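K.L.:
The structure's right below; bear with me while I get my questions together.
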Amino acid sequence: MRHHRLRLVLSLAAISLAASAPAAEVQVAVAANFTAPMQAIARQFEQATGHRAVASFGATGQFYAQIKNGAPFDVFLAADDDRPARLEAEGQAVPGSRFTYAVGTLALWSAREGYVDDQGAVLKQGGFRHLSIANPKAAPYGLAATQVLARLGLADAIKPKIVEGQSIAQAYQFVASGNAELGFVALSQVYKDGRLAAGSAWLVPGSMHDPIRQDAVILAQGRNNPAAQAFVDYLKGPEAARIIQSYGYEVSAQ
């Protein structure tokens with residue numbers, strides 16, 4: 001009887017310690033295309049775990065440079081699989097923590113209804129003044145856009161019309177504001193709950209550019225942060241997957 005009572009006391013003590021464990025904060029560098037899903041995931045993550053995810057949004061290439069220079073991030077959600085792999089190889093990420101959290105879709109979008117047809121023929125017709133893309137050196141969606149233009153044989157003809165944003169968020173803003181009639185954006189920026197939120201778009205076939213595999217990795221700073229591991233675990237789970245898919249991404253099986 002005494003042993004049973006001791007086990008019960010120890011069990012209650014363990015529960016009490018777990019309940020009183022302090023919530024932690026995780027600093028997350030997030031590719032701009034993933035802004036809306038991340039905001040929704042961060043809210044759900046805090047409700048589910050008590051930990052808080054503080055997100056900064058920008059271009060993947062710029063974040064890579066900042067992390068190399070000691071920027072205080074715990075987790076990196078990139079728009080490609082190259083930079084997280086590099087950070088892992090360079091000893092600036094936790095080995096084995098890298099995984100694909102989403103596969104992105106490129107879209108040619110206009111804020112105008114009916115302006116972009118569902119085959120992208122508007123590009124060949126050329127009756128526009130400006131085409132917005134993200135900086136291909138910093139943003140994987142921008143690189144994919146240049147690959148599509150090259151595949152269509154339009155790179156030289158359209159080059160004078162291109163306006164370049166430093167991130168996919170800025171590329172989207174050029175189109176949303178009307179400064180460019182159309183632009184290549186991430187589908188997630190204009191898509192919610194299975195439909196286009198506004199305007200008109202061509203969903204670019206994935207065969208026309210390199211796959212946009214978006215990898216996450218725990219950075220060296222987050223190695224001993226319980227909130228960093230908790231966030232990555234949550235990102236791999238079913239609740240996060242539902243949010244990610246609702247914005248038009250594909251989710252790889254973990």
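Labeling convention for the structure tokens: chains A, B, ... as they appear, residues from 1 per chain, ligands from 1 in order of appearance.
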Sorted by chain and rising residue number, which residues of range 1-119 of chain A lie within 8 Å of range 127-146 of chain A, and what are their closest atom pairs and distances in Å to one decimal, counting only C-alpha atoms, as a Markdown table?

P.N.:
| residue | atom | partner | partner_atom | distance |
| --- | --- | --- | --- | --- |
| A:Ala59 | CA | A:Ala139 | CA | 5.5 |
| A:Thr60 | CA | A:Ala139 | CA | 5.8 |
| A:Gly61 | CA | A:Ala138 | CA | 4.1 |
| A:Gln62 | CA | A:Ala138 | CA | 6.2 |
| A:Ala79 | CA | A:Pro140 | CA | 6.1 |
| A:Asp80 | CA | A:Pro140 | CA | 6.1 |
| A:Leu106 | CA | A:Tyr141 | CA | 6.7 |

K.L.:
What parts of range 3-217 of chain A does DSSP call strand (DSSP E or B)? I'd like the answer as a PyMOL selection string.

P.N.:
chain A and resi 25-31+52-58+75-77+93+99-103+106-110+131-134+162-165+182-186+191-192+195-196+200-203+213-217

K.L.:
Nearest to Gly126 in chain A among A:Asp81, A:Gly114, A:Glu181, A:Gln170, with distances taken over only C-alpha atoms: which residue is it?

P.N.:
A:Glu181

K.L.:
What's around Gly194 in chain A at 9 Å? Count only C-alpha atoms, leave out sequence neighbours fewer than 4 positions away in its own chain, and write the answer as JSON, numbers by chain.

P.N.:
{"A": [245, 246, 247, 248]}

K.L.:
CA of Asp233 in chain A and CA of Glu88 in chain A are how many Å apart?

P.N.:
18.4 Å

K.L.:
Excluding Gln214 in chain A and residues on its chain fewer than 5 positions from it, collect all residues at most 8 Å away from it, counting only C-alpha atoms, and give them as a compact mmCIF listing (two decimals) with C-alpha atoms, in the first residue's frame.

P.N.:
# COMPACT_ATOMS: atom_id res chain seq x y z
CA LEU A 77 11.16 28.41 -42.59
CA ALA A 78 12.67 28.94 -46.03
CA ALA A 79 11.08 29.15 -49.46
CA ASP A 80 13.54 26.60 -50.83
CA ASP A 81 15.41 23.50 -49.71
CA THR A 100 9.97 19.89 -46.07
CA TYR A 101 7.02 21.66 -44.47
CA ALA A 102 5.32 22.76 -47.71
CA VAL A 103 5.57 22.53 -51.50
CA GLY A 104 4.64 25.80 -53.14

K.L.:
Of the residues A:Met38, A:Ala53, A:Leu196, A:Val30, which is the one nearest to Gln229 in chain A, using only C-alpha atoms?

P.N.:
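Looking at the shortest contact to Gln229 in chain A, the residue is A:Ala53.
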
K.L.:
Between A:Ala24, A:Pro238, A:Phe73, A:Ala31, which one has atoms that come closest to Glu46 in chain A, using only C-alpha atoms?

P.N.:
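Closest residue, counting only C-alpha atoms: A:Ala24.
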
K.L.:
Find the residues around Trp202 in chain A up to 7 Å (only C-alpha atoms counted), leave out those fewer than 2 positions away in its own chain, and share them as a ChimeraX atom specification.

P.N.:
/A:107-109,116-120,204

K.L.:
Restrict the selected residues to N, CA, C and O atoms and save them as a PDB file, in the first residue's frame.

P.N.:
ATOM      1  N   ALA A 107       1.982  31.275 -59.192  1.00  0.00           N
ATOM      2  CA  ALA A 107       0.797  31.743 -59.917  1.00  0.00           C
ATOM      3  C   ALA A 107       1.100  33.058 -60.630  1.00  0.00           C
ATOM      4  O   ALA A 107       1.801  33.923 -60.090  1.00  0.00           O
ATOM      5  N   LEU A 108       0.596  33.180 -61.838  1.00  0.00           N
ATOM      6  CA  LEU A 108       0.606  34.467 -62.539  1.00  0.00           C
ATOM      7  C   LEU A 108      -0.717  35.134 -62.204  1.00  0.00           C
ATOM      8  O   LEU A 108      -1.784  34.599 -62.527  1.00  0.00           O
ATOM      9  N   TRP A 109      -0.662  36.288 -61.536  1.00  0.00           N
ATOM     10  CA  TRP A 109      -1.875  36.873 -60.963  1.00  0.00           C
ATOM     11  C   TRP A 109      -2.047  38.337 -61.345  1.00  0.00           C
ATOM     12  O   TRP A 109      -1.073  39.079 -61.494  1.00  0.00           O
ATOM     13  N   VAL A 116      -6.045  37.752 -66.426  1.00  0.00           N
ATOM     14  CA  VAL A 116      -5.156  36.620 -66.679  1.00  0.00           C
ATOM     15  C   VAL A 116      -5.999  35.390 -67.019  1.00  0.00           C
ATOM     16  O   VAL A 116      -6.889  35.014 -66.253  1.00  0.00           O
ATOM     17  N   ASP A 117      -5.713  34.772 -68.167  1.00  0.00           N
ATOM     18  CA  ASP A 117      -6.443  33.559 -68.554  1.00  0.00           C
ATOM     19  C   ASP A 117      -5.816  32.353 -67.864  1.00  0.00           C
ATOM     20  O   ASP A 117      -4.715  32.428 -67.315  1.00  0.00           O
ATOM     21  N   ASP A 118      -6.519  31.222 -67.884  1.00  0.00           N
ATOM     22  CA  ASP A 118      -6.060  30.062 -67.130  1.00  0.00           C
ATOM     23  C   ASP A 118      -4.957  29.270 -67.822  1.00  0.00           C
ATOM     24  O   ASP A 118      -4.563  28.199 -67.349  1.00  0.00           O
ATOM     25  N   GLN A 119      -4.439  29.795 -68.953  1.00  0.00           N
ATOM     26  CA  GLN A 119      -3.301  29.166 -69.624  1.00  0.00           C
ATOM     27  C   GLN A 119      -2.082  30.095 -69.678  1.00  0.00           C
ATOM     28  O   GLN A 119      -1.039  29.725 -70.217  1.00  0.00           O
ATOM     29  N   GLY A 120      -2.230  31.307 -69.170  1.00  0.00           N
ATOM     30  CA  GLY A 120      -1.117  32.259 -69.169  1.00  0.00           C
ATOM     31  C   GLY A 120      -0.816  32.873 -70.519  1.00  0.00           C
ATOM     32  O   GLY A 120       0.271  33.431 -70.728  1.00  0.00           O
ATOM     33  N   VAL A 204       0.616  28.078 -62.475  1.00  0.00           N
ATOM     34  CA  VAL A 204       1.682  27.599 -63.345  1.00  0.00           C
ATOM     35  C   VAL A 204       1.965  26.117 -63.066  1.00  0.00           C
ATOM     36  O   VAL A 204       2.182  25.732 -61.915  1.00  0.00           O
TER      37      VAL A 204
END

K.L.:
Would you list the contacts of range 82-84 of chain A as a list in words, taking every protein, DNA or RNA residue within 7 Å and counting only C-alpha atoms, but skipping same-chain residues closer than 5 positions in sequence?

P.N.:
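Non-adjacent residues within range: Tyr64, Asp215, Ala216 and Val217 of chain A.
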
K.L.:
Given the choices A:Ile244, A:Ala32, A:Val26, A:Ala42, which gets closest to Ala169 in chain A if the distance is worked out from only C-alpha atoms?

P.N.:
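That would be A:Ala32, the residue with the smallest distance to Ala169 in chain A.
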
K.L.:
Can you measure CA of His51 in chain A to CA of Pro226 in chain A for me? One decimal in Å is fine.

P.N.:
8.9 Å

K.L.:
Could you pull out the residues in range 12-243 of chain A that DSSP calls helix (DSSP H, G or I) from the backbone, as a PyMOL selection string?

P.N.:
chain A and resi 12-20+32-49+60-68+82-89+122-125+140-151+155-161+168-176+187-189+206-208+220-222+226-235+238-243

K.L.:
Using only C-alpha atoms, which residue out of A:Ala85, A:Ala111, A:Ala65, A:Ala228 lies closest to Phe99 in chain A?

P.N.:
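Checking each candidate against Phe99 in chain A, we get A:Ala85 as the closest.
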
K.L.:
Using only C-alpha atoms for the distances, tell me which of A:Ala157, A:Ala121, A:Ile212, A:Leu187 is nearest to Pro37 in chain A.

P.N.:
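Of all the options, A:Leu187 lies closest to Pro37 in chain A.
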
K.L.:
To one decimal in Å, tell me the separation between CA of Ile168 in chain A and CA of Ala240 in chain A.

P.N.:
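Value for the CA of Ile168 in chain A-CA of Ala240 in chain A distance: 22.0 Å.
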
K.L.:
List the neighbours of Ala220 in chain A out to 6 Å using only C-alpha atoms; skip same-chain residues closer than 5 positions along the sequence, and give me the result as a PyMOL selection string.

P.N.:
chain A and resi 92-94

K.L.:
Could you write out that same residue set with N, CA and C atoms as a compact mmCIF listing (two decimals), in the first residue's frame?

P.N.:
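Resulting contents of result.txt:
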# COMPACT_ATOMS: atom_id res chain seq x y z
N GLN A 92 25.45 25.57 -38.83
CA GLN A 92 24.64 26.61 -38.22
C GLN A 92 23.20 26.17 -37.98
N ALA A 93 22.95 24.88 -38.12
CA ALA A 93 21.62 24.31 -37.86
C ALA A 93 21.79 22.97 -37.17
N VAL A 94 20.75 22.54 -36.49
CA VAL A 94 20.79 21.27 -35.76
C VAL A 94 20.74 20.12 -36.77
